[in-house]
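Have a look at query38.cif; it's mmCIF, C-alpha atoms and all ligand atoms:
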data_input
loop_
_atom_site.label_atom_id
_atom_site.label_comp_id
_atom_site.auth_asym_id
_atom_site.auth_seq_id
_atom_site.Cartn_x
_atom_site.Cartn_y
_atom_site.Cartn_z
CA MET A 1 4.70 12.31 -4.59
CA HIS A 2 4.23 12.62 -0.84
CA GLU A 3 5.86 16.04 -0.70
CA LEU A 4 2.69 17.53 0.77
CA ALA A 5 3.02 15.36 3.88
CA VAL A 6 6.69 16.18 4.37
CA THR A 7 6.15 19.86 3.70
CA GLU A 8 3.45 19.93 6.37
CA SER A 9 5.85 18.28 8.75
CA LEU A 10 8.48 20.87 7.81
CA LEU A 11 6.11 23.75 8.50
CA LYS A 12 5.17 22.26 11.85
CA THR A 13 8.78 21.84 12.95
CA ALA A 14 9.82 25.31 11.79
CA THR A 15 6.84 26.89 13.52
CA GLU A 16 7.59 25.11 16.79
CA TYR A 17 11.15 26.38 16.83
CA ALA A 18 10.06 29.87 15.81
CA LEU A 19 7.56 30.13 18.67
CA GLU A 20 10.00 28.66 21.15
CA ASN A 21 12.44 31.40 20.20
CA ASP A 22 9.89 34.22 20.36
CA ALA A 23 10.10 34.94 16.65
CA LYS A 24 7.84 37.53 15.05
CA LYS A 25 8.46 35.94 11.71
CA VAL A 26 10.63 33.37 10.01
CA THR A 27 12.73 34.71 7.14
CA SER A 28 14.38 31.52 5.92
CA LEU A 29 14.74 27.78 6.38
CA ASN A 30 17.96 25.98 5.61
CA LEU A 31 17.37 22.45 4.40
CA LEU A 32 19.61 19.57 3.48
CA ILE A 33 18.06 17.08 1.08
CA GLY A 34 19.90 13.94 -0.01
CA THR A 35 19.58 12.78 -3.59
CA LEU A 36 18.50 9.33 -2.36
CA SER A 37 15.65 10.76 -0.30
CA GLY A 38 13.38 10.84 -3.33
CA ILE A 39 12.23 14.33 -2.40
CA VAL A 40 11.77 16.78 -5.24
CA ASP A 41 12.78 20.38 -4.42
CA ASP A 42 10.26 21.99 -6.73
CA SER A 43 7.39 20.09 -5.20
CA VAL A 44 8.43 21.06 -1.70
CA GLN A 45 8.59 24.69 -2.83
CA PHE A 46 5.19 24.41 -4.48
CA TYR A 47 3.47 23.03 -1.39
CA TRP A 48 5.42 25.37 0.86
CA ASP A 49 4.04 28.42 -0.93
CA MET A 50 0.59 26.99 -0.62
CA ILE A 51 0.53 25.98 3.04
CA SER A 52 2.79 28.59 4.61
CA ALA A 53 0.57 31.49 3.54
CA ASP A 54 -1.00 33.16 6.60
CA THR A 55 1.47 31.55 8.99
CA ILE A 56 4.51 32.86 10.82
CA CYS A 57 6.52 31.33 7.97
CA SER A 58 4.64 33.05 5.16
CA GLN A 59 7.64 35.05 3.98
CA ALA A 60 10.27 32.43 4.65
CA LYS A 61 12.59 31.49 1.84
CA LEU A 62 13.59 27.86 1.42
CA ASN A 63 17.34 27.43 0.99
CA ILE A 64 17.86 23.91 -0.20
CA GLU A 65 21.27 22.29 -0.16
CA ARG A 66 21.60 19.00 -2.03
CA GLN A 67 23.59 16.14 -0.54
CA PRO A 68 24.93 13.77 -3.23
CA ALA A 69 24.81 10.02 -2.58
CA LYS A 70 28.02 8.63 -1.11
CA PHE A 71 29.03 5.04 -0.64
CA LYS A 72 31.79 3.28 1.26
CA CYS A 73 33.21 -0.04 0.13
CA GLN A 74 33.28 -2.52 3.01
CA SER A 75 36.02 -4.56 1.36
CA CYS A 76 38.63 -1.88 0.63
CA GLN A 77 37.18 1.14 2.48
CA THR A 78 37.13 3.31 -0.66
CA GLU A 79 34.55 6.11 -0.48
CA TYR A 80 32.89 7.33 -3.66
CA ALA A 81 30.09 9.62 -4.75
CA LEU A 82 27.47 8.58 -7.23
CA ASP A 83 25.17 10.59 -9.40
CA GLY A 84 24.29 8.06 -12.02
CA GLU A 85 23.43 4.40 -11.93
CA LEU A 86 24.25 2.27 -8.90
CA SER A 87 27.65 0.74 -9.41
CA PRO A 88 30.08 -1.51 -7.53
CA CYS A 89 33.22 -0.19 -5.86
CA PRO A 90 35.31 1.59 -8.52
CA ASN A 91 38.50 0.42 -6.81
CA CYS A 92 37.98 -3.29 -6.21
CA GLY A 93 34.63 -4.11 -7.84
CA SER A 94 33.02 -5.31 -4.60
CA VAL A 95 29.26 -4.92 -4.20
CA ASN A 96 29.55 -5.02 -0.44
CA ILE A 97 29.09 -1.29 -0.01
CA ARG A 98 27.19 0.93 2.41
CA VAL A 99 25.38 4.18 1.84
CA ILE A 100 27.04 6.81 4.01
CA ALA A 101 25.25 9.91 2.75
CA GLY A 102 22.34 10.88 0.53
CA ASP A 103 19.35 9.88 2.68
CA GLU A 104 18.97 13.16 4.45
CA PHE A 105 15.96 15.38 4.73
CA LEU A 106 17.02 17.74 7.48
CA LEU A 107 15.92 21.10 8.70
CA GLN A 108 19.30 22.45 9.72
CA SER A 109 18.40 25.92 10.90
CA ILE A 110 15.92 28.74 10.55
CA GLU A 111 16.46 32.47 10.47
CA ILE A 112 13.99 34.53 12.43
CA GLU A 113 13.14 38.14 13.22
CA LYS A 114 12.25 39.03 16.76
CA MET B 1 13.88 44.19 15.56
CA SER B 2 16.72 41.71 15.42
CA THR B 3 17.42 38.72 13.25
CA GLU B 4 18.74 35.49 14.58
CA LYS B 5 19.74 32.08 13.34
CA VAL B 6 18.31 29.12 15.24
CA GLN B 7 20.24 25.85 14.85
CA ILE B 8 17.94 22.88 14.57
CA VAL B 9 19.18 19.86 12.63
CA GLU B 10 16.04 17.81 12.89
CA LYS B 11 14.93 14.98 10.67
CA ILE B 12 11.72 16.00 9.04
CA LEU B 13 9.99 12.67 9.23
CA ASP B 14 10.68 12.39 12.95
CA ALA B 15 7.05 12.62 14.05
CA ASN B 16 6.23 9.64 11.88
CA ASP B 17 9.28 7.73 13.10
CA GLN B 18 8.23 8.27 16.71
CA MET B 19 4.75 7.01 16.09
CA ALA B 20 6.21 4.01 14.25
CA GLU B 21 8.31 3.29 17.32
CA GLU B 22 5.17 3.34 19.50
CA ASN B 23 3.39 1.01 17.10
CA GLN B 24 6.27 -1.40 17.34
CA GLN B 25 6.15 -1.30 21.13
CA ALA B 26 2.45 -2.15 21.00
CA PHE B 27 3.19 -5.11 18.73
CA ASP B 28 6.03 -6.24 20.99
CA LYS B 29 3.88 -6.06 24.10
CA ASN B 30 1.51 -8.53 22.47
CA HIS B 31 4.30 -10.73 21.03
CA THR B 32 2.87 -10.01 17.62
CA LEU B 33 5.12 -9.99 14.57
CA ALA B 34 4.23 -7.21 12.11
CA ILE B 35 5.32 -7.39 8.50
CA ASN B 36 5.00 -4.62 5.95
CA ILE B 37 4.66 -5.75 2.35
CA MET B 38 5.72 -3.26 -0.28
CA ALA B 39 5.73 -3.59 -4.06
CA SER B 40 4.61 -1.93 -7.24
CA PRO B 41 0.95 -2.44 -8.17
CA GLY B 42 0.38 -5.93 -9.52
CA ALA B 43 3.63 -7.49 -8.27
CA GLY B 44 1.62 -9.94 -6.22
CA LYS B 45 1.18 -8.56 -2.70
CA THR B 46 -2.38 -9.75 -2.24
CA SER B 47 -1.65 -13.10 -3.88
CA LEU B 48 1.25 -13.79 -1.53
CA ILE B 49 -0.77 -12.68 1.48
CA LEU B 50 -3.53 -15.12 0.55
CA ARG B 51 -0.99 -17.92 0.04
CA THR B 52 0.61 -17.09 3.37
CA ILE B 53 -2.73 -17.27 5.15
CA GLU B 54 -3.44 -20.63 3.51
CA GLY B 55 -0.07 -21.93 4.63
CA LEU B 56 0.05 -20.58 8.17
CA ALA B 57 -3.48 -20.01 9.46
CA LYS B 58 -3.69 -23.49 10.96
CA ASP B 59 -0.72 -22.75 13.21
CA TYR B 60 -0.97 -19.02 13.86
CA GLN B 61 -3.55 -16.31 14.42
CA ILE B 62 -3.20 -13.89 11.53
CA ALA B 63 -4.70 -10.47 10.88
CA VAL B 64 -4.31 -8.19 7.88
CA ILE B 65 -4.22 -4.43 7.47
CA GLU B 66 -4.99 -3.48 3.88
CA GLY B 67 -3.84 -0.13 2.56
CA ASP B 68 -5.50 1.22 -0.54
CA THR B 69 -5.60 4.60 -2.18
CA ALA B 70 -9.27 4.31 -3.00
CA PRO B 71 -12.22 3.06 -0.96
CA VAL B 72 -12.34 -0.25 -2.80
CA THR B 73 -12.35 -3.38 -0.69
CA ILE B 74 -11.34 -5.85 -3.41
CA ASP B 75 -8.18 -7.01 -1.59
CA ALA B 76 -9.76 -6.86 1.86
CA ASP B 77 -12.71 -8.93 0.66
CA LYS B 78 -10.38 -11.70 -0.53
CA VAL B 79 -8.73 -11.88 2.88
CA HIS B 80 -12.08 -11.72 4.64
CA ALA B 81 -13.27 -14.66 2.57
CA LEU B 82 -10.56 -16.78 4.21
CA GLY B 83 -12.03 -15.98 7.63
CA ILE B 84 -9.17 -13.74 8.70
CA PRO B 85 -9.71 -10.42 10.52
CA VAL B 86 -8.92 -7.59 8.14
CA THR B 87 -9.10 -3.83 8.41
CA GLN B 88 -9.02 -1.63 5.38
CA ILE B 89 -7.26 1.72 5.44
CA ASN B 90 -8.18 4.11 2.70
CA THR B 91 -5.32 6.57 2.35
CA GLY B 92 -7.54 9.04 0.51
CA GLY B 93 -5.31 9.12 -2.55
CA ASP B 94 -2.04 9.15 -0.61
CA CYS B 95 0.73 7.16 -2.16
CA HIS B 96 1.89 5.32 0.96
CA LEU B 97 0.80 4.20 4.41
CA ASP B 98 2.18 6.07 7.38
CA ALA B 99 2.46 5.16 11.03
CA LEU B 100 -0.73 6.96 12.02
CA MET B 101 -2.81 5.10 9.47
CA VAL B 102 -1.40 1.81 10.73
CA ARG B 103 -2.19 2.88 14.29
CA LYS B 104 -5.83 3.27 13.26
CA GLY B 105 -5.76 -0.15 11.65
CA MET B 106 -4.28 -1.68 14.81
CA GLN B 107 -7.05 -0.24 16.94
CA ALA B 108 -9.57 -2.31 15.03
CA LEU B 109 -7.69 -5.53 15.85
CA ASP B 110 -7.33 -7.46 19.09
CA LEU B 111 -3.55 -7.75 18.98
CA ASN B 112 -3.48 -9.86 22.09
CA GLU B 113 -5.01 -12.67 20.05
CA VAL B 114 -2.80 -12.22 17.01
CA ASP B 115 0.61 -13.77 16.23
CA LEU B 116 1.15 -12.17 12.84
CA VAL B 117 -0.08 -8.88 11.39
CA ILE B 118 0.44 -8.52 7.66
CA ILE B 119 0.26 -4.98 6.31
CA GLU B 120 -0.30 -4.58 2.57
CA ASN B 121 1.18 -1.21 1.70
CA VAL B 122 0.02 0.93 -1.19
CA GLY B 123 1.35 -0.26 -4.54
CA ASN B 124 4.30 2.07 -5.09
CA LEU B 125 8.08 1.62 -5.20
CA VAL B 126 8.95 5.13 -4.06
CA CYS B 127 6.99 6.56 -1.18
CA PRO B 128 6.51 3.63 1.22
CA ALA B 129 10.29 3.52 1.65
CA ALA B 130 10.27 6.85 3.47
CA PHE B 131 7.57 6.10 6.03
CA LYS B 132 8.25 3.63 8.82
CA LEU B 133 5.16 1.88 10.09
CA GLY B 134 6.44 0.08 13.17
CA SER B 135 6.69 -3.28 11.41
CA HIS B 136 9.48 -5.64 12.49
CA ILE B 137 9.95 -6.99 9.02
CA ASN B 138 9.78 -5.11 5.77
CA VAL B 139 9.44 -7.10 2.60
CA VAL B 140 9.58 -6.01 -1.02
CA ILE B 141 7.98 -8.21 -3.63
CA ALA B 142 9.55 -7.84 -7.01
CA SER B 143 8.17 -9.80 -9.93
CA ILE B 144 9.70 -11.17 -13.09
CA PRO B 145 7.61 -9.10 -15.58
CA GLU B 146 8.65 -5.83 -13.89
CA GLY B 147 12.16 -6.35 -15.19
CA ASP B 148 15.58 -6.77 -13.65
CA ASP B 149 16.53 -3.09 -13.48
CA LYS B 150 14.18 -1.97 -10.70
CA PRO B 151 16.83 -1.93 -7.94
CA TYR B 152 18.77 0.55 -10.05
CA LYS B 153 15.77 2.77 -10.64
CA TYR B 154 14.11 2.69 -7.22
CA PRO B 155 17.05 2.11 -4.88
CA ASN B 156 15.45 3.34 -1.66
CA ILE B 157 12.76 0.75 -1.32
CA TYR B 158 15.31 -2.12 -1.20
CA ARG B 159 17.41 -0.70 1.59
CA GLY B 160 15.45 -1.05 4.82
CA ILE B 161 14.10 -4.51 4.07
CA GLN B 162 14.77 -7.90 5.63
CA CYS B 163 13.47 -10.00 2.77
CA LEU B 164 13.13 -9.63 -0.98
CA VAL B 165 10.62 -11.93 -2.61
CA LEU B 166 11.00 -12.41 -6.34
CA ASN B 167 7.54 -13.49 -7.47
CA LYS B 168 6.12 -14.90 -10.71
CA THR B 169 9.08 -17.18 -11.38
CA ASP B 170 6.68 -19.23 -13.52
CA LEU B 171 7.00 -16.44 -16.10
CA LYS B 172 10.80 -16.76 -16.44
CA PRO B 173 10.56 -18.63 -19.77
CA TYR B 174 8.65 -15.71 -21.31
CA VAL B 175 10.53 -12.69 -20.01
CA ASP B 176 14.14 -11.58 -20.33
CA PHE B 177 15.10 -11.21 -16.71
CA ASN B 178 18.79 -11.29 -15.81
CA PHE B 179 18.79 -12.55 -12.24
CA GLU B 180 22.49 -11.85 -11.72
CA TYR B 181 22.08 -8.21 -12.70
CA PHE B 182 19.03 -7.90 -10.47
CA GLU B 183 20.74 -9.58 -7.54
CA LYS B 184 23.83 -7.42 -7.89
CA GLY B 185 21.67 -4.30 -7.54
CA ILE B 186 20.02 -5.74 -4.43
CA GLN B 187 23.40 -6.70 -2.96
CA ILE B 188 24.75 -3.20 -3.48
CA LEU B 189 21.78 -1.71 -1.69
CA ASN B 190 21.30 -4.27 1.04
CA PRO B 191 24.19 -6.71 1.41
CA GLY B 192 23.19 -10.12 2.70
CA VAL B 193 19.43 -9.56 2.55
CA GLU B 194 17.30 -12.72 2.28
CA ILE B 195 16.20 -13.28 -1.32
CA ILE B 196 13.42 -15.79 -1.92
CA GLN B 197 12.26 -16.74 -5.39
CA LEU B 198 8.76 -18.13 -5.70
CA SER B 199 5.60 -18.32 -7.72
CA SER B 200 2.37 -17.53 -5.93
CA LYS B 201 0.61 -19.10 -8.88
CA THR B 202 2.26 -22.53 -8.93
CA GLY B 203 3.35 -22.57 -5.28
CA ASP B 204 6.94 -23.22 -6.33
CA GLY B 205 9.35 -21.87 -3.69
CA LEU B 206 6.51 -20.98 -1.36
CA ASP B 207 7.74 -23.30 1.39
CA THR B 208 11.00 -21.40 1.66
CA TRP B 209 9.02 -18.22 2.30
CA LEU B 210 6.65 -19.87 4.77
CA ASN B 211 9.50 -21.45 6.72
CA TRP B 212 11.42 -18.20 6.82
CA LEU B 213 8.33 -16.41 8.11
CA ARG B 214 7.56 -19.13 10.67
CA ALA B 215 11.00 -18.67 12.18
CA GLN B 216 10.39 -14.93 12.51
CA ILE B 217 6.95 -15.38 14.09
CA ASP B 218 8.25 -17.98 16.56
CA ALA B 219 11.15 -15.76 17.55
CA LYS B 220 8.75 -12.90 18.30
CA LYS B 221 6.29 -15.15 20.13
CA HIS B 222 8.96 -16.36 22.52
CA ALA B 223 10.91 -13.16 22.78
CA THR B 224 11.43 -11.78 26.25
CA GLN B 225 11.19 -8.05 26.33
N1 LIG A 301 1.87 -15.76 -13.49
C1 LIG A 301 1.76 -15.31 -12.23
N2 LIG A 301 0.84 -14.39 -11.93
C2 LIG A 301 0.77 -13.96 -10.64
C3 LIG A 301 1.61 -14.47 -9.62
N3 LIG A 301 1.32 -13.83 -8.46
C4 LIG A 301 0.32 -12.97 -8.74
N4 LIG A 301 -0.03 -13.05 -10.06
C5 LIG A 301 -1.07 -12.30 -10.76
O1 LIG A 301 -0.68 -10.91 -10.80
C6 LIG A 301 -1.82 -10.07 -10.71
C7 LIG A 301 -1.65 -9.07 -9.58
O2 LIG A 301 -1.58 -9.77 -8.32
P1 LIG A 301 -1.99 -9.10 -6.96
O3 LIG A 301 -1.68 -10.11 -5.90
O4 LIG A 301 -3.35 -8.55 -7.00
O5 LIG A 301 -0.92 -7.91 -6.88
P2 LIG A 301 -0.87 -6.63 -5.91
O6 LIG A 301 -1.41 -5.49 -6.68
O7 LIG A 301 0.60 -6.46 -5.64
O8 LIG A 301 -1.63 -6.93 -4.66
C8 LIG A 301 -3.01 -10.98 -10.53
O9 LIG A 301 -3.61 -11.17 -11.78
C9 LIG A 301 -2.40 -12.28 -10.03
O10 LIG A 301 -3.15 -13.40 -10.36
C10 LIG A 301 2.59 -15.47 -9.99
O11 LIG A 301 3.39 -15.97 -9.19
N5 LIG A 301 2.62 -15.85 -11.31
MG MG A 302 -3.23 -5.91 -3.69
ZN ZN A 303 4.41 9.65 -1.94
ZN ZN A 304 36.40 -1.68 -2.80
#
Have the structure of the file written as structure tokens, please.
Amino acid sequence: MHELAVTESLLKTATEYALENDAKKVTSLNLLIGTLSGIVDDSVQFYWDMISADTICSQAKLNIERQPAKFKCQSCQTEYALDGELSPCPNCGSVNIRVIAGDEFLLQSIEIEK
Amino acid sequence: MSTEKVQIVEKILDANDQMAEENQQAFDKNHTLAINIMASPGAGKTSLILRTIEGLAKDYQIAVIEGDTAPVTIDADKVHALGIPVTQINTGGDCHLDALMVRKGMQALDLNEVDLVIIENVGNLVCPAAFKLGSHINVVIASIPEGDDKPYKYPNIYRGIQCLVLNKTDLKPYVDFNFEYFEKGIQILNPGVEIIQLSSKTGDGLDTWLNWLRAQIDAKKHATQ
């Protein structure tokens, strides 16, 4: 949905780091995207191809790693991953749980040529 | 030619988060409480805003920032008719407000004179969750006809909020809505969050909302920074 805005932000960040490091071009971006972030890989790729043309990132490949949602039960400290419907703690049934992973949309690193 | 890996680890929405932080500082400086109202289209954002103005305008200075995807001023006109300052932000088709758009809305208001800014976000249960605006309080309005499974389908929107309003309780007799199932989803996502059931149509439960909001406005008004 708003992948254009986040892809623009991604291009801006990658470009800043590339210039800071005297890159001639950027060859890849390594991203971590959590399943709870609501961000759709294909859409990011689509906008990326569109807006990165004619920039220092024009040939950069997007390597997207997916981070599954993880919860921690506050009652019994059990940690569990979730890929389907939201559910209470599988160990004790408590709904007092916290999200500990799955929110991410991180640019972890870029690979550049000098 | 050499290749090199540059470690970054940066959150991609950071630029927006920073601007949101600045917005919040501007609100704080003026002792203005800012609330961001999110919901799907038709859940009752504008209705609750109008009810809130009716209930609180005699005691507080209120202003409204209206977000809309199209340049229609239907909602803004309703607020304006109550004699309340309102600025309309047309997102140009975008599915959410972001901190920069709110900044523009703030510039059209004299915050010094305002105790409460109400921001009506774009009707959408997905995107607004990802963009902080600088509001102190984020509210989601759910409504009975939307069904009880929305927390399970759109989990993100319920997580950063301080209050969940369940609107249109007058329709309970006509709709199968399992409140326990709904509440369990909310609890999983946001343990202990304030849940207020009301009907903007009949006014039932509205006092609970108005009193809750009064307490928040008063706390901000008298906060020392
Ligand atoms: N029955 C009933 N209808 C409501 C209630 N609150 C709002 N509505 C109606 O729901 C529709 C959408 O409301 P509106 O405030 O424009 O929703 P928004 O799109 O979220 O701003 C309108 O026809 C309202 O009259 C309520 O508590 N009960
Ligand atoms: Mg509206
Ligand atoms: Zn969006
Ligand atoms: Zn447990």
Write out as an mmCIF file with C-alpha atoms, keeping the file's coordinate frame which residues come within 12 Å of region 90-93 of chain A when counting only C-alpha atoms, dropping same-chain ones fewer than 2 positions away.
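Here's the written file part.cif:
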data_model
loop_
_atom_site.group_PDB
_atom_site.id
_atom_site.type_symbol
_atom_site.label_atom_id
_atom_site.label_comp_id
_atom_site.auth_asym_id
_atom_site.auth_seq_id
_atom_site.Cartn_x
_atom_site.Cartn_y
_atom_site.Cartn_z
ATOM 1 C CA PHE A 71 29.030 5.040 -0.640
ATOM 2 C CA LYS A 72 31.790 3.280 1.260
ATOM 3 C CA CYS A 73 33.210 -0.040 0.130
ATOM 4 C CA GLN A 74 33.280 -2.520 3.010
ATOM 5 C CA SER A 75 36.020 -4.560 1.360
ATOM 6 C CA CYS A 76 38.630 -1.880 0.630
ATOM 7 C CA GLN A 77 37.180 1.140 2.480
ATOM 8 C CA THR A 78 37.130 3.310 -0.660
ATOM 9 C CA GLU A 79 34.550 6.110 -0.480
ATOM 10 C CA TYR A 80 32.890 7.330 -3.660
ATOM 11 C CA ALA A 81 30.090 9.620 -4.750
ATOM 12 C CA LEU A 82 27.470 8.580 -7.230
ATOM 13 C CA LEU A 86 24.250 2.270 -8.900
ATOM 14 C CA SER A 87 27.650 0.740 -9.410
ATOM 15 C CA PRO A 88 30.080 -1.510 -7.530
ATOM 16 C CA VAL A 95 29.260 -4.920 -4.200
ATOM 17 C CA ASN A 96 29.550 -5.020 -0.440
ATOM 18 C CA ILE A 97 29.090 -1.290 -0.010
ATOM 19 C CA LYS B 184 23.830 -7.420 -7.890
ATOM 20 C CA ILE B 188 24.750 -3.200 -3.480
#
Do me a favour and pick out the residues of chain A within 6 Å of chain B, using all atoms listed in the file, as number ranges by chain. A: 10, 86, 95-97, 106-114
What's around Ile49 (chain B) at 12 Å? Count all atoms listed in the file, leave out sequence neighbours fewer than 2 positions away in its own chain, and write the answer as a PyMOL selection string. chain B and resi 35-38+43-47+51-57+62-66+75-76+78-80+82+84+86+116-121+139+141+200+206+209-210+213
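Take the candidates B:Ala81, B:Val165, B:Ala20, B:Ala34 and check each one against ligand LIG 301 (chain A) using only C-alpha atoms and all ligand atoms; the shortest distance goes to B:Val165.
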Correct to one decimal, the distance CA of Lys220 (chain B)-CA of Asp115 (chain B) is 8.4 Å
How would you report the residues lying within 7 Å of ligand LIG 301 (chain A), as a CSV table (one decimal) with C-alpha atoms, keeping the file's coordinate frame, if you count only C-alpha atoms and all ligand atoms?
chain,number,residue,atom,x,y,z
B,39,ALA,CA,5.7,-3.6,-4.1
B,40,SER,CA,4.6,-1.9,-7.2
B,41,PRO,CA,1.0,-2.4,-8.2
B,42,GLY,CA,0.4,-5.9,-9.5
B,43,ALA,CA,3.6,-7.5,-8.3
B,44,GLY,CA,1.6,-9.9,-6.2
B,45,LYS,CA,1.2,-8.6,-2.7
B,46,THR,CA,-2.4,-9.8,-2.2
B,47,SER,CA,-1.6,-13.1,-3.9
B,48,LEU,CA,1.2,-13.8,-1.5
B,123,GLY,CA,1.4,-0.3,-4.5
B,167,ASN,CA,7.5,-13.5,-7.5
B,168,LYS,CA,6.1,-14.9,-10.7
B,169,THR,CA,9.1,-17.2,-11.4
B,170,ASP,CA,6.7,-19.2,-13.5
B,171,LEU,CA,7.0,-16.4,-16.1
B,198,LEU,CA,8.8,-18.1,-5.7
B,199,SER,CA,5.6,-18.3,-7.7
B,200,SER,CA,2.4,-17.5,-5.9
B,201,LYS,CA,0.6,-19.1,-8.9
B,202,THR,CA,2.3,-22.5,-8.9
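Across the structure, CA of Ile33 (chain A) and CA of Arg66 (chain A) are spaced 5.1 Å apart.
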